[in-house]
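Read the structure below first, then the notes.
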Amino acid sequence: MRTRWYAVSGGVSQRCGRGLSFTIGMMMALSLGNAAAGADVTYAGDDAWWKPGDERIMPGRAEYADATGRIAVVNADGAVPTKGHAFFARVGANGRACVTCHQPADGMGLSVDTIRRRWAESGGKDPLFAAIDGSNCPSLPQADRASHSLILERGLIRVYLPWPPRANGGAGMQPEFTIEVVRDPTGCNTDPIYGLHSEAPSISVYRRPRPVANMKYLLELPHGVPPSEFLFYNDKSLLPRNPQTGAFVSLQLMSDGRDLTLELQARDAAASHLQAHAALTAAQVAQIEAFEKQVYAAQAFDAAAKDLDSEGAPPGLGPEALQHGAPARLGNNPINRIFGSFSMWQTGSELPPAEESAERRTQRELRESVARGADIFYLRRFLISDVGKYNDKGLGNPFKRSCGSGCHNTLLMGMDLAPGFMDLGLNNLPWANSRPDLPVFKVTCDAAAAPQSYLGRVIYTHDPGRALITGKCADVGASMTQQSRGLAARAPYFMNGSAANLRELVDFYDRRFNIGYTETEKHDLVNFLSVL
Amino acid sequence: MINPVRDRRGVKRRRLAGGFAGCVAGCVAAFAATVAGQPPVGAPVSFLACPIARDTGPDTDVCFLAEHEGRLYALGNPPDFGAPQLKHRVLVEGRIADAAAACGALPLVGRVSVMAEIDQACDVILPFDGVIKGAAGGVFNSGSAEQRAAAQELARRVALDPRLSVEPAILDPAPAPLPTPPFEPRTLVIWYPFDSDRGPGPDMVKLRELAIYAREAKARGVEISGYRAVSRLSDGTQLVERAFMAEARARKIAAILEGIGVGPRLLKVRWERDAIGGTGDEDWKNRKVEVTVRP
């Protein structure tokens with residue numbers, strides 16, 4: 001059972017169990033009234049799962065328990081009544097809503113813990129497990145738990161993309177490579193109906209839902225990366241444009257950049273993930289877009305470090321820092337250090353050891369660990385090498401940077417501002433973690449095509465990534481970096497869920513780049529990432 | 001001198017034999033030989049070689065050098081022309097510079113191009129030798145004077161109030177004043193790495209300024225001319241760029257100009273089918289696009 005929290009403005013908070021339903025009910029009644037009025041009252045309701053079609057009020061600020069404390073979700077425009085709201089309503093045939101995969105309690109993403117809980121609570125009947133993409137393949141027996149192993153074990157949704165790629169969803173293009181299915185543990189890529197050689201050839205890859213929060217940082221064109229407000233940093237070609245307005249778009253929205261705007265993403269998701277028979281109306285799209293643009297999420301409380309967003313805490317923590325922060329700015333400088341200063345947590349004990357309580361010592365030690373982790377994230381340089389679409393975009397191979405001064409350079413958010421599609425090694429062999437549960441494709445590029453810079457023209461991959469959109473050999477395995485906020489609420493990590501927890505995430509980087517972090521450094525990094 | 005070793009994943013890496021001590025001895029000896037018999041300042045060199053990366057300290061960037069006919073040459077480029085990459089050979093085209101040694105090697109002025117094809121043999125990283133120290137790069141060190149002054153002021157304030165550390169330290173540059181009459185023909189030359197249509201970032205900033213100039217000058221035409229070239233190496237070998245490269249460069253610049261507001265009817269796009277012949281001296285200057293605004 002999920003532990004639930006409520007908190008009243010002023011920092012008083014209590015942990016409650018389900019047995020206190022009356023108290024909770026009273027609190028909810030009070031809170032709903034206050035939240036509806038936009039007052040600064042926070043709570044989490046008696047059910048952390050937001051069911052499609054629920055008629056509730058999403059408060060102006062709510063906190064939800066997660067792996068290490070609580071995540072806070074802020075609606076900058078005030079409380080949101082969900083009745084009839086297009087983000088929360090069942091708009092498709094399979095009973096899902098946008099909120100199905102973008103849960104407030106998971107920082108507007110979806111954790112595998114939540115997924116497993118829904119499976120247990122619904123007996124596998126929740127629309128989240130819809131055959132179309134909540135199972136490994138629609139052709140599998142849906143009552144069988146094993147048919148949903150990827151979503152249950154790794155939090156992965158099936159994403160099926162046409163082959164050959166279609167430019168902006170339109171006419172097919174001639175890709176620079178051919179693709180073969182080498183291994184197909186889900187059966188979907190060789191399926192006669194859903195596979196690569198079916199009547200409607202498509203490729204199934206398996207990806208994590210990205211959080212729908214802090215969107216202004218993803219949508220605004222980058223500042224300070226001249227002349228990237230209209231050009232890719234990588235090859236200095238023009239960024240694509242919003243087909244409605246003609247404005248250049250940032251491409252930060254999706255891991256493969258296939259939908260250029262919130263509107264296009266909403267329409268695509270409704271048609272695919274929600275299986276909507278009719279297109280979203282303009283009013284529905286506007287409502288979804290308006291909601292998504294004003295919701296912020298970040299960790300607000302850590303069980304050991306305590307309040308993360310109170311007076312005197314590091315200024316980059318908590319959702320309000322994101323709400324009021326300047327979007328799309330470089331933070332890889334000695335002042336900003338990506339997430340701001342943590343110097344206030346480096347101070348050590350002000351009390352003699354005998355006078356320091358155990359709880360106070362635990363808090364201090366955790367905060368000091370976080371501050372050390374921030375230093376490692378920002379200062380500890382290592383050789384970044386053989387990253388396709390990164391080392392080859394002019395930076396050099398190897399390129400010596402830290403996590404923060406390299407790929408995770410966006411102020412307060414920690415994604416690559418450039419914008420950065422890159423092959424970190426998550427999808428392509430030989431760097432990818434061992435994943436016998438995922439398909440393996442063999443990509444063979446045309447001799448005349450520019451090769452993937454470090455893997456050449458024959459590439460084995462779990463997910464061709466950006467190349468399934470552009471058809472370019474050099475893009476095979478590349479994906480867009482993603483934001484680093486609210487991590488504690490939405491494990492597992494990486495686009496294919498390869499890291500079950502933050503320690504595994506740190507271990508991947510340590511192995512991939514031969515960094516040589518000590519155990520203490522890894523511990524500090526995990527603690528640091530947990531409070532973002 | 002160079003032996004392959006394997007890293008923790010078993011991936012082949014090559015280090016200098018004898019480890020750190022061997023590297024120091026080898027590098028110093030090679031550079032001493034280089035200095036003793038070095039060609040005169042201004043002498044042209046043009047060669048293909050594997051780049052060698054050199055670690056220059058825990059807090060600084062790597063630098064690159066290459067060995068050619070027993071001499072070590074430092075591989076530098078203008079900003080964003082493209083730093084060398086291990087796993088790829090580089091085409092080095094330059095002249096011996098009248099400057100101090102860089103990266104423990106002879107300094108050059110010219111251009112270094114990363115060759116597109118993979119060469120697994122190019123995989124040598126020299127460890128930090130404690131002597132050759134580098135500089136830390138990063139955007140904080142490379143802004144305009146106004147940006148750096150603003151950042152220094154913010155740093156002073158952040159020291160007093162850490163809450164300010166989430167205010168952007170790197171501010172947008174002030175918009176350049178609009179060009180004013182008299183409007184004369186203006187030309188921008190963009191040089192390219194070998195077999196590449198990737199224009200450097202600073203040139204793209206100039207291209208944008210040129211687009212604004214064209215708009216303000218109510219240009220009658222914008223001429224774009226693309227070229228490809230032959231590079232003649234010091235050993236007489238000739239490297240010829242791919243046939244479509246001149247067209248690709250010209251069309252890409254035209255697309256960018258149109259994309260940032262230059263009317264397509266103003267654009268006059270042409271390219272030379274034949275590669276410009278090389279002499280072995282600054283052949284990189286023939287790999288170019290010329291953009292001329294005619295008011």
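FYI, nothing fancy with the structure tokens labels: chains A, B, ... in order, residues from 1 per chain, ligands from 1 as they appear.
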Exercise answer, chain A residues close to chain B, 7 Å and only C-alpha atoms, as a PyMOL selection string = chain A and resi 223-224+226-227+235-236+238+315-316+329-330+333+335-336+339-341+381+394-400+450+453-454+456
B:Ala74: which residues within 8 Å, counting only C-alpha atoms, same-chain residues fewer than 3 positions away excluded, as a ChimeraX atom specification?
-> /B:64-66,101-108
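All residues within stretch 105-323 of chain A that the backbone DSSP calculation assigns to strand (DSSP E) are Ile157, Arg158, Val159, Tyr160, Leu161, Pro162, Phe177, Thr178, Ile179, Glu180, Val181, Val182, Arg183, Ser202, Ile203, Ser204, Val205, Tyr206, Arg207, Val295, Tyr296, Ala297, Ala298, Gln299, Ala300, Phe301, Asp302, Lys306 and Asp307 of chain A.
Interatomic distance, atom CA of A:Phe513 to atom CA of A:Gly107: 29.3 Å.
Of the residues under consideration (B:Pro177, B:Gly280, B:Gly261, B:Pro295), B:Pro295 shows the shortest atom-to-atom contact distance to B:Val222 when counting only C-alpha atoms.
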Tell me which protein, DNA and RNA residues are within 12 Å of A:Asp302, counting only C-alpha atoms, leaving out same-chain ones fewer than 4 positions away, and put them as a PyMOL selection string.
-> chain A and resi 63-72+298+306-310+313+317-318+362-363+366-367+370+486+488-489+527-532
Name the residues in contact with stretch 96-98 of chain B at a cut-off of 8 Å, using only C-alpha atoms, excluding same-chain residues fewer than 5 positions from it; report them as a JSON list (two decimals) with C-alpha atoms, in the first residue's frame.
[["chain", "number", "residue", "atom", "x", "y", "z"],
["B", 39, "PRO", "CA", 60.75, 23.23, -41.08],
["B", 40, "PRO", "CA", 60.89, 27.02, -41.29],
["B", 41, "VAL", "CA", 58.05, 29.20, -40.15],
["B", 42, "GLY", "CA", 55.50, 29.49, -42.91],
["B", 43, "ALA", "CA", 56.39, 26.20, -44.55],
["B", 44, "PRO", "CA", 53.26, 24.42, -45.77],
["B", 45, "VAL", "CA", 52.40, 20.92, -44.63],
["B", 106, "LEU", "CA", 54.75, 22.28, -33.51],
["B", 107, "PRO", "CA", 52.03, 24.88, -33.89],
["B", 108, "LEU", "CA", 50.25, 25.28, -37.21],
["B", 109, "VAL", "CA", 47.90, 27.79, -38.71]]
Measuring atom to atom with only C-alpha atoms, identify which of A:Val99, A:Tyr460, A:Val91, A:Phe494 is nearest to A:Leu280.
-> A:Val91
Where does DSSP see helix (DSSP H, G or I) in stretch 144-311 of chain A, if you list the residues as a PyMOL selection string?
-> chain A and resi 145-154+167-169+216-219+262-272+282-293
Any idea what's packed within 7 Å of B:Val189, counting only C-alpha atoms, ignoring anything in its chain fewer than 3 positions away? Could you give it as a ChimeraX atom specification?
-> /B:288-291
What is the distance, in Å and to one decimal place, between atom CA of B:Ile52 and atom CA of A:Asn409?
-> 27.3 Å
